[in-house]
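Here the structure is laid out as structure tokens; the discussion comes afterwards.
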Amino acid sequence: MELAASQYKNCKNFTNLCFHKEDFELDAEWHFFATSHGKSPCDGIGGTVKRLATRASLQATTSGHILTPMQLYDFAVKNITGIDFVYISSDVIDADEEKTKERMAEAKTVAGTRSHHCFIPLSESSVKIYRISADVCSDTLGTVSGIAEEKTSVNPKDIAAGQYVAAVYDNSWFIGLVIQRSEEFDDAELNFMAKHGSTLSWPMNKDICWVPYSHVLSIVKTPSVTGRTARQYELDSTDLKNILVLYQEFMAKSQ
């Protein structure tokens, strides 16, 4: 799946995903790809239909222009072979909208969707999310109002731009500088430092990523400069001990 995150990664679609088994008697998972990496036969079919319909409409003179959905359907059925077409009227769409109105009214934002790309329903009200499809660590989140979420290590209200935090990223913990936070998506944009044993440094290429609040382990003191070059940093020893404990607890819950 590609295109804008808001087009697909929204609370209503995640709620429908959780009801997919009930609606269609089929289990479903949702895996998102980088732009242009999620192509499949349906992309070619859609492109072919649009190309042929556009050409036919442009070549029409005083009649035969394709201006409505029904005209497009009639053209496709009569002129394109090898593809089965189904026409869905606005009445059917309105009826389906009415059927799912109560479901949609209870839908709520799923935190961390911008940094996660694999979504697997657990029930009609919860979904398990992974950063990538092959990830072994996950979070379980509710998709409807009234479902209690797991408590986070840090109160999200305490996370602010300019702070240093320890957060789980790529199945390990790292130190990052908070750039900004998002109340809409319940996550924070972090500029991560690189780890070299017991020391830290800023990488040549910035490593910036949105991380859900649930992956923030703790707020830490600003790393102190160490070494002659002033390019190496180290964590406060108390912060480090606390991070290691919180990280172990986080991984245990994620398995």
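In the structure tokens, chains take the letters A, B, ... in the order shown, each chain's residues start at 1, and ligands count up from 1 in the order shown.
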
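The list of residues with at least one atom within 10 Å of His196 of chain A, based on only C-alpha atoms and without residues fewer than 2 positions apart in the same chain, reads Met193, Ala194, Ser198, Thr199, Leu200, Ser201, Gln232, Tyr233 and Glu234 of chain A.
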
Spatial neighbours of Ser133 of chain A, max dist 10 Å, only C-alpha atoms, sep filter under 6 positions, as a ChimeraX atom specification: /A:30-33,116-120

I'd like the neighbourhood of segment 45-50 of chain A as a PyMOL selection string, where a residue qualifies if any of its atoms comes within 10 Å (using only C-alpha atoms), though same-chain residues fewer than 2 positions away should be ignored. chain A and resi 40-43+52-56+72+75-76+79-80+83

Write out the residues from the selection above, keeping N, CA and C atoms, as a PDB file, in the first residue's frame.
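Below is the file selection_31.pdb, written as the result:
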```
ATOM      1  N   SER A  40       1.183  -4.085  -7.761  1.00  0.00           N
ATOM      2  CA  SER A  40       0.638  -5.421  -7.965  1.00  0.00           C
ATOM      3  C   SER A  40      -0.175  -5.409  -9.257  1.00  0.00           C
ATOM      4  N   PRO A  41      -0.712  -6.557  -9.687  1.00  0.00           N
ATOM      5  CA  PRO A  41      -1.485  -6.586 -10.942  1.00  0.00           C
ATOM      6  C   PRO A  41      -2.620  -5.581 -11.000  1.00  0.00           C
ATOM      7  N   CYS A  42      -3.216  -5.245  -9.828  1.00  0.00           N
ATOM      8  CA  CYS A  42      -4.352  -4.314  -9.861  1.00  0.00           C
ATOM      9  C   CYS A  42      -3.936  -2.936 -10.370  1.00  0.00           C
ATOM     10  N   ASP A  43      -2.663  -2.544 -10.134  1.00  0.00           N
ATOM     11  CA  ASP A  43      -2.205  -1.248 -10.640  1.00  0.00           C
ATOM     12  C   ASP A  43      -2.211  -1.224 -12.168  1.00  0.00           C
ATOM     13  N   LEU A  52      -7.644   3.305 -21.757  1.00  0.00           N
ATOM     14  CA  LEU A  52      -8.578   3.003 -22.835  1.00  0.00           C
ATOM     15  C   LEU A  52      -9.820   3.881 -22.763  1.00  0.00           C
ATOM     16  N   ALA A  53     -10.323   4.126 -21.558  1.00  0.00           N
ATOM     17  CA  ALA A  53     -11.515   4.960 -21.418  1.00  0.00           C
ATOM     18  C   ALA A  53     -11.217   6.409 -21.789  1.00  0.00           C
ATOM     19  N   THR A  54     -10.049   6.894 -21.391  1.00  0.00           N
ATOM     20  CA  THR A  54      -9.674   8.269 -21.724  1.00  0.00           C
ATOM     21  C   THR A  54      -9.555   8.448 -23.239  1.00  0.00           C
ATOM     22  N   ARG A  55      -8.905   7.477 -23.903  1.00  0.00           N
ATOM     23  CA  ARG A  55      -8.741   7.567 -25.354  1.00  0.00           C
ATOM     24  C   ARG A  55     -10.097   7.550 -26.052  1.00  0.00           C
ATOM     25  N   ALA A  56     -10.998   6.646 -25.625  1.00  0.00           N
ATOM     26  CA  ALA A  56     -12.309   6.538 -26.264  1.00  0.00           C
ATOM     27  C   ALA A  56     -13.125   7.811 -26.071  1.00  0.00           C
ATOM     28  N   LEU A  72     -18.799   4.816 -17.716  1.00  0.00           N
ATOM     29  CA  LEU A  72     -17.505   4.137 -17.657  1.00  0.00           C
ATOM     30  C   LEU A  72     -17.699   2.634 -17.527  1.00  0.00           C
ATOM     31  N   PHE A  75     -18.915   1.178 -20.874  1.00  0.00           N
ATOM     32  CA  PHE A  75     -17.811   1.134 -21.846  1.00  0.00           C
ATOM     33  C   PHE A  75     -16.887  -0.037 -21.547  1.00  0.00           C
ATOM     34  N   ALA A  76     -16.530  -0.191 -20.265  1.00  0.00           N
ATOM     35  CA  ALA A  76     -15.573  -1.234 -19.886  1.00  0.00           C
ATOM     36  C   ALA A  76     -16.127  -2.622 -20.170  1.00  0.00           C
ATOM     37  N   ASN A  79     -16.149  -3.150 -24.074  1.00  0.00           N
ATOM     38  CA  ASN A  79     -14.938  -2.974 -24.885  1.00  0.00           C
ATOM     39  C   ASN A  79     -13.661  -3.581 -24.302  1.00  0.00           C
ATOM     40  N   ILE A  80     -13.659  -3.963 -23.048  1.00  0.00           N
ATOM     41  CA  ILE A  80     -12.439  -4.507 -22.440  1.00  0.00           C
ATOM     42  C   ILE A  80     -12.678  -5.952 -22.037  1.00  0.00           C
ATOM     43  N   ILE A  83     -11.304  -8.841 -18.136  1.00  0.00           N
ATOM     44  CA  ILE A  83     -11.452  -8.216 -16.820  1.00  0.00           C
ATOM     45  C   ILE A  83     -12.929  -8.202 -16.461  1.00  0.00           C
TER      46      ILE A  83
END
```

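Considering only C-alpha atoms, the residue among A:Met70, A:Cys18, A:Lys108, A:Ala34 positioned nearest to Ser90 of chain A is A:Met70.
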
If DSSP is run on the backbone, what residues of segment 6-210 of chain A are helix (DSSP H, G or I)? A reply as JSON, numbers by chain would be ideal. {"A": [6, 7, 8, 11, 12, 13, 14, 15, 16, 17, 18, 20, 21, 22, 23, 24, 41, 42, 43, 44, 45, 46, 47, 48, 49, 50, 51, 52, 53, 54, 55, 56, 57, 58, 59, 69, 70, 71, 72, 73, 74, 75, 76, 77, 78, 79, 90, 91, 92, 93, 94, 95, 96, 97, 98, 99, 101, 102, 103, 104, 105, 156, 157, 158]}

Keeping only C-alpha atoms, take the residues you just selected and write them out as a PDB file, in the first residue's frame.
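Writing the result to out-v8.pdb gives the following:
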```pdb
ATOM      1  CA  SER A   6      -3.814   9.930   5.980  1.00  0.00           C
ATOM      2  CA  GLN A   7      -5.587   8.208   3.077  1.00  0.00           C
ATOM      3  CA  TYR A   8      -5.071   4.732   4.523  1.00  0.00           C
ATOM      4  CA  CYS A  11      -8.797   5.214  12.631  1.00  0.00           C
ATOM      5  CA  LYS A  12     -11.775   4.206  10.464  1.00  0.00           C
ATOM      6  CA  ASN A  13      -9.722   1.951   8.216  1.00  0.00           C
ATOM      7  CA  PHE A  14      -8.072   0.278  11.205  1.00  0.00           C
ATOM      8  CA  THR A  15     -11.501  -0.338  12.729  1.00  0.00           C
ATOM      9  CA  ASN A  16     -12.683  -1.896   9.461  1.00  0.00           C
ATOM     10  CA  LEU A  17      -9.552  -4.049   9.430  1.00  0.00           C
ATOM     11  CA  CYS A  18     -10.496  -5.432  12.847  1.00  0.00           C
ATOM     12  CA  HIS A  20     -12.693  -7.826   8.280  1.00  0.00           C
ATOM     13  CA  LYS A  21     -13.216 -11.368   9.558  1.00  0.00           C
ATOM     14  CA  GLU A  22     -16.838 -10.624  10.481  1.00  0.00           C
ATOM     15  CA  ASP A  23     -17.582  -8.696   7.277  1.00  0.00           C
ATOM     16  CA  PHE A  24     -15.978 -11.037   4.738  1.00  0.00           C
ATOM     17  CA  PRO A  41      -1.485  -6.586 -10.942  1.00  0.00           C
ATOM     18  CA  CYS A  42      -4.352  -4.314  -9.861  1.00  0.00           C
ATOM     19  CA  ASP A  43      -2.205  -1.248 -10.640  1.00  0.00           C
ATOM     20  CA  GLY A  44      -1.749  -2.403 -14.245  1.00  0.00           C
ATOM     21  CA  ILE A  45      -5.430  -3.263 -14.616  1.00  0.00           C
ATOM     22  CA  GLY A  46      -6.505   0.142 -13.307  1.00  0.00           C
ATOM     23  CA  GLY A  47      -4.044   1.910 -15.575  1.00  0.00           C
ATOM     24  CA  THR A  48      -5.251  -0.012 -18.616  1.00  0.00           C
ATOM     25  CA  VAL A  49      -8.902   0.791 -17.946  1.00  0.00           C
ATOM     26  CA  LYS A  50      -8.190   4.502 -17.446  1.00  0.00           C
ATOM     27  CA  ARG A  51      -6.024   4.699 -20.567  1.00  0.00           C
ATOM     28  CA  LEU A  52      -8.578   3.003 -22.835  1.00  0.00           C
ATOM     29  CA  ALA A  53     -11.515   4.960 -21.418  1.00  0.00           C
ATOM     30  CA  THR A  54      -9.674   8.269 -21.724  1.00  0.00           C
ATOM     31  CA  ARG A  55      -8.741   7.567 -25.354  1.00  0.00           C
ATOM     32  CA  ALA A  56     -12.309   6.538 -26.264  1.00  0.00           C
ATOM     33  CA  SER A  57     -13.818   9.614 -24.621  1.00  0.00           C
ATOM     34  CA  LEU A  58     -11.356  11.984 -26.326  1.00  0.00           C
ATOM     35  CA  GLN A  59     -11.981  10.391 -29.714  1.00  0.00           C
ATOM     36  CA  PRO A  69     -19.546   6.178 -13.491  1.00  0.00           C
ATOM     37  CA  MET A  70     -22.296   4.237 -15.269  1.00  0.00           C
ATOM     38  CA  GLN A  71     -20.971   5.295 -18.680  1.00  0.00           C
ATOM     39  CA  LEU A  72     -17.505   4.137 -17.657  1.00  0.00           C
ATOM     40  CA  TYR A  73     -18.926   0.798 -16.509  1.00  0.00           C
ATOM     41  CA  ASP A  74     -20.878   0.282 -19.747  1.00  0.00           C
ATOM     42  CA  PHE A  75     -17.811   1.134 -21.846  1.00  0.00           C
ATOM     43  CA  ALA A  76     -15.573  -1.234 -19.886  1.00  0.00           C
ATOM     44  CA  VAL A  77     -17.998  -4.183 -20.059  1.00  0.00           C
ATOM     45  CA  LYS A  78     -18.498  -3.791 -23.823  1.00  0.00           C
ATOM     46  CA  ASN A  79     -14.938  -2.974 -24.885  1.00  0.00           C
ATOM     47  CA  SER A  90     -24.301   5.185  -4.482  1.00  0.00           C
ATOM     48  CA  ASP A  91     -27.300   3.501  -2.802  1.00  0.00           C
ATOM     49  CA  VAL A  92     -25.134   0.504  -1.897  1.00  0.00           C
ATOM     50  CA  ILE A  93     -22.410   2.782  -0.553  1.00  0.00           C
ATOM     51  CA  ASP A  94     -24.929   4.777   1.506  1.00  0.00           C
ATOM     52  CA  ALA A  95     -26.379   1.552   2.931  1.00  0.00           C
ATOM     53  CA  ASP A  96     -22.917   0.325   3.903  1.00  0.00           C
ATOM     54  CA  GLU A  97     -22.126   3.685   5.504  1.00  0.00           C
ATOM     55  CA  GLU A  98     -25.284   3.448   7.575  1.00  0.00           C
ATOM     56  CA  LYS A  99     -24.404  -0.118   8.593  1.00  0.00           C
ATOM     57  CA  LYS A 101     -21.986   4.259  11.374  1.00  0.00           C
ATOM     58  CA  GLU A 102     -21.932   2.998  14.967  1.00  0.00           C
ATOM     59  CA  ARG A 103     -18.600   1.295  14.388  1.00  0.00           C
ATOM     60  CA  MET A 104     -17.046   4.454  13.005  1.00  0.00           C
ATOM     61  CA  ALA A 105     -18.413   6.622  15.803  1.00  0.00           C
ATOM     62  CA  PRO A 156       3.525  11.852  27.202  1.00  0.00           C
ATOM     63  CA  LYS A 157       2.785  15.321  28.571  1.00  0.00           C
ATOM     64  CA  ASP A 158       6.331  15.454  29.978  1.00  0.00           C
TER      65      ASP A 158
END
```

Report, in Å with one decimal, the straight-line distance from atom CA of Asp207 of chain A to atom CA of Asn171 of chain A. 15.2 Å

Please, which residues of segment 13-196 of chain A, numbered as in this document, come out strand (DSSP E) from DSSP, as an mmCIF file with N, CA, C and O atoms, in the first residue's frame?
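To be explicit, this is the file written out as result21.cif:
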```
data_model
loop_
_atom_site.group_PDB
_atom_site.id
_atom_site.type_symbol
_atom_site.label_atom_id
_atom_site.label_comp_id
_atom_site.auth_asym_id
_atom_site.auth_seq_id
_atom_site.Cartn_x
_atom_site.Cartn_y
_atom_site.Cartn_z
ATOM 1 N N TRP A 30 -2.515 -5.915 7.350
ATOM 2 C CA TRP A 30 -2.224 -4.755 6.520
ATOM 3 C C TRP A 30 -0.737 -4.443 6.595
ATOM 4 O O TRP A 30 -0.201 -4.175 7.667
ATOM 5 N N HIS A 31 -0.065 -4.498 5.438
ATOM 6 C CA HIS A 31 1.363 -4.219 5.354
ATOM 7 C C HIS A 31 1.571 -3.048 4.402
ATOM 8 O O HIS A 31 1.118 -3.089 3.254
ATOM 9 N N CYS A 118 3.134 -2.534 9.781
ATOM 10 C CA CYS A 118 2.480 -3.837 9.765
ATOM 11 C C CYS A 118 1.406 -3.845 10.838
ATOM 12 O O CYS A 118 1.692 -3.559 12.011
ATOM 13 N N PHE A 119 0.156 -4.186 10.455
ATOM 14 C CA PHE A 119 -0.976 -4.130 11.380
ATOM 15 C C PHE A 119 -1.759 -5.439 11.287
ATOM 16 O O PHE A 119 -2.218 -5.815 10.208
ATOM 17 N N ILE A 120 -1.885 -6.114 12.439
ATOM 18 C CA ILE A 120 -2.556 -7.408 12.487
ATOM 19 C C ILE A 120 -3.674 -7.354 13.532
ATOM 20 O O ILE A 120 -3.399 -7.112 14.718
ATOM 21 N N PRO A 121 -4.931 -7.572 13.133
ATOM 22 C CA PRO A 121 -6.036 -7.514 14.097
ATOM 23 C C PRO A 121 -5.946 -8.651 15.116
ATOM 24 O O PRO A 121 -5.614 -9.787 14.766
ATOM 25 N N SER A 126 -8.983 -4.320 18.908
ATOM 26 C CA SER A 126 -7.545 -4.139 19.148
ATOM 27 C C SER A 126 -6.734 -4.653 17.968
ATOM 28 O O SER A 126 -7.176 -5.542 17.222
ATOM 29 N N VAL A 127 -5.555 -4.084 17.813
ATOM 30 C CA VAL A 127 -4.678 -4.451 16.701
ATOM 31 C C VAL A 127 -3.242 -4.500 17.200
ATOM 32 O O VAL A 127 -2.842 -3.719 18.069
ATOM 33 N N LYS A 128 -2.478 -5.439 16.670
ATOM 34 C CA LYS A 128 -1.056 -5.544 17.003
ATOM 35 C C LYS A 128 -0.277 -4.852 15.901
ATOM 36 O O LYS A 128 -0.522 -5.093 14.709
ATOM 37 N N ILE A 129 0.649 -3.960 16.276
ATOM 38 C CA ILE A 129 1.388 -3.187 15.282
ATOM 39 C C ILE A 129 2.881 -3.482 15.373
ATOM 40 O O ILE A 129 3.427 -3.666 16.465
ATOM 41 N N TYR A 130 3.521 -3.562 14.209
ATOM 42 C CA TYR A 130 4.957 -3.802 14.102
ATOM 43 C C TYR A 130 5.569 -2.681 13.274
ATOM 44 O O TYR A 130 4.928 -2.163 12.351
ATOM 45 N N ASP A 139 3.409 -3.779 19.544
ATOM 46 C CA ASP A 139 2.560 -3.137 20.542
ATOM 47 C C ASP A 139 1.130 -3.549 20.258
ATOM 48 O O ASP A 139 0.744 -3.754 19.096
ATOM 49 N N THR A 140 0.338 -3.679 21.296
ATOM 50 C CA THR A 140 -1.084 -3.958 21.138
ATOM 51 C C THR A 140 -1.858 -2.706 21.515
ATOM 52 O O THR A 140 -1.723 -2.190 22.620
ATOM 53 N N LEU A 141 -2.662 -2.217 20.575
ATOM 54 C CA LEU A 141 -3.378 -0.962 20.774
ATOM 55 C C LEU A 141 -4.862 -1.142 20.502
ATOM 56 O O LEU A 141 -5.261 -1.959 19.666
ATOM 57 N N GLY A 142 -5.685 -0.364 21.207
ATOM 58 C CA GLY A 142 -7.118 -0.391 20.979
ATOM 59 C C GLY A 142 -7.501 0.484 19.799
ATOM 60 O O GLY A 142 -6.862 1.506 19.544
ATOM 61 N N TYR A 164 16.259 15.239 25.843
ATOM 62 C CA TYR A 164 16.868 13.980 25.426
ATOM 63 C C TYR A 164 16.072 12.842 26.055
ATOM 64 O O TYR A 164 15.711 12.907 27.237
ATOM 65 N N VAL A 165 15.798 11.830 25.248
ATOM 66 C CA VAL A 165 15.049 10.677 25.744
ATOM 67 C C VAL A 165 15.715 9.389 25.285
ATOM 68 O O VAL A 165 16.467 9.376 24.304
ATOM 69 N N ALA A 166 15.419 8.318 26.002
ATOM 70 C CA ALA A 166 15.813 6.976 25.568
ATOM 71 C C ALA A 166 14.577 6.338 24.959
ATOM 72 O O ALA A 166 13.499 6.371 25.553
ATOM 73 N N ALA A 167 14.711 5.788 23.753
ATOM 74 C CA ALA A 167 13.558 5.210 23.067
ATOM 75 C C ALA A 167 13.960 3.932 22.346
ATOM 76 O O ALA A 167 15.117 3.752 21.948
ATOM 77 N N VAL A 168 12.994 3.042 22.178
ATOM 78 C CA VAL A 168 13.230 1.792 21.458
ATOM 79 C C VAL A 168 13.042 2.033 19.972
ATOM 80 O O VAL A 168 12.036 2.582 19.539
ATOM 81 N N TYR A 169 14.046 1.595 19.210
ATOM 82 C CA TYR A 169 14.066 1.832 17.771
ATOM 83 C C TYR A 169 14.894 0.718 17.151
ATOM 84 O O TYR A 169 16.005 0.443 17.596
ATOM 85 N N SER A 172 16.275 -2.062 19.516
ATOM 86 C CA SER A 172 17.297 -1.715 20.491
ATOM 87 C C SER A 172 16.941 -0.355 21.070
ATOM 88 O O SER A 172 15.996 0.293 20.614
ATOM 89 N N TRP A 173 17.660 0.084 22.081
ATOM 90 C CA TRP A 173 17.381 1.401 22.647
ATOM 91 C C TRP A 173 18.441 2.388 22.177
ATOM 92 O O TRP A 173 19.604 2.036 21.986
ATOM 93 N N PHE A 174 18.015 3.624 21.994
ATOM 94 C CA PHE A 174 18.916 4.681 21.552
ATOM 95 C C PHE A 174 18.539 5.974 22.266
ATOM 96 O O PHE A 174 17.438 6.119 22.791
ATOM 97 N N ILE A 175 19.480 6.903 22.243
ATOM 98 C CA ILE A 175 19.237 8.228 22.804
ATOM 99 C C ILE A 175 18.883 9.172 21.663
ATOM 100 O O ILE A 175 19.554 9.189 20.629
ATOM 101 N N GLY A 176 17.831 9.943 21.841
ATOM 102 C CA GLY A 176 17.413 10.867 20.798
ATOM 103 C C GLY A 176 17.031 12.222 21.366
ATOM 104 O O GLY A 176 16.606 12.333 22.525
ATOM 105 N N LEU A 177 17.197 13.233 20.545
ATOM 106 C CA LEU A 177 16.800 14.593 20.899
ATOM 107 C C LEU A 177 15.416 14.849 20.329
ATOM 108 O O LEU A 177 15.185 14.667 19.128
ATOM 109 N N VAL A 178 14.478 15.267 21.162
ATOM 110 C CA VAL A 178 13.112 15.508 20.715
ATOM 111 C C VAL A 178 13.065 16.769 19.854
ATOM 112 O O VAL A 178 13.480 17.848 20.292
ATOM 113 N N ILE A 179 12.586 16.620 18.623
ATOM 114 C CA ILE A 179 12.440 17.749 17.706
ATOM 115 C C ILE A 179 11.055 18.377 17.856
ATOM 116 O O ILE A 179 10.899 19.581 17.979
ATOM 117 N N GLN A 180 10.047 17.524 17.822
ATOM 118 C CA GLN A 180 8.671 17.986 17.979
ATOM 119 C C GLN A 180 7.801 16.810 18.379
ATOM 120 O O GLN A 180 8.228 15.655 18.314
ATOM 121 N N ARG A 181 6.599 17.095 18.801
ATOM 122 C CA ARG A 181 5.660 16.051 19.192
ATOM 123 C C ARG A 181 4.343 16.256 18.476
ATOM 124 O O ARG A 181 4.028 17.357 18.021
ATOM 125 N N SER A 182 3.581 15.185 18.355
ATOM 126 C CA SER A 182 2.297 15.247 17.660
ATOM 127 C C SER A 182 1.194 14.735 18.575
ATOM 128 O O SER A 182 1.206 13.571 18.992
ATOM 129 N N ASP A 187 2.871 10.653 18.958
ATOM 130 C CA ASP A 187 4.263 10.271 18.769
ATOM 131 C C ASP A 187 5.155 11.498 18.784
ATOM 132 O O ASP A 187 4.675 12.637 18.822
ATOM 133 N N ALA A 188 6.450 11.256 18.769
ATOM 134 C CA ALA A 188 7.434 12.346 18.813
ATOM 135 C C ALA A 188 8.487 12.117 17.739
ATOM 136 O O ALA A 188 8.874 10.974 17.460
ATOM 137 N N GLU A 189 8.948 13.214 17.147
ATOM 138 C CA GLU A 189 10.010 13.133 16.148
ATOM 139 C C GLU A 189 11.345 13.269 16.870
ATOM 140 O O GLU A 189 11.591 14.257 17.562
ATOM 141 N N LEU A 190 12.213 12.267 16.707
ATOM 142 C CA LEU A 190 13.483 12.237 17.420
ATOM 143 C C LEU A 190 14.659 12.240 16.454
ATOM 144 O O LEU A 190 14.612 11.625 15.388
ATOM 145 N N ASN A 191 15.721 12.944 16.851
ATOM 146 C CA ASN A 191 16.997 12.924 16.137
ATOM 147 C C ASN A 191 17.929 12.029 16.944
ATOM 148 O O ASN A 191 18.395 12.404 18.016
ATOM 149 N N PHE A 192 18.190 10.828 16.445
ATOM 150 C CA PHE A 192 18.897 9.819 17.218
ATOM 151 C C PHE A 192 20.415 9.963 17.157
ATOM 152 O O PHE A 192 20.981 10.326 16.114
ATOM 153 N N ALA A 194 24.162 7.936 17.679
ATOM 154 C CA ALA A 194 24.700 6.597 17.442
ATOM 155 C C ALA A 194 25.392 6.099 18.705
ATOM 156 O O ALA A 194 25.990 6.882 19.446
ATOM 157 N N LYS A 195 25.284 4.791 18.940
ATOM 158 C CA LYS A 195 25.924 4.185 20.099
ATOM 159 C C LYS A 195 27.223 3.510 19.680
ATOM 160 O O LYS A 195 27.283 2.826 18.670
ATOM 161 N N HIS A 196 28.269 3.722 20.484
ATOM 162 C CA HIS A 196 29.563 3.068 20.268
ATOM 163 C C HIS A 196 30.017 2.523 21.623
ATOM 164 O O HIS A 196 30.767 3.178 22.344
#
```

Tell me which of A:Ser214, A:Ser115, A:Thr222, A:Thr100 sits closest to Gly162 of chain A, counting only C-alpha atoms. A:Thr222

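Atom CA of Lys206 of chain A to atom CA of Ala230 of chain A spans 18.2 Å [interatomic distance, one decimal].
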
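We find atom CA of Ser63 of chain A and atom CA of Ser89 of chain A to be spaced 23.6 Å apart.
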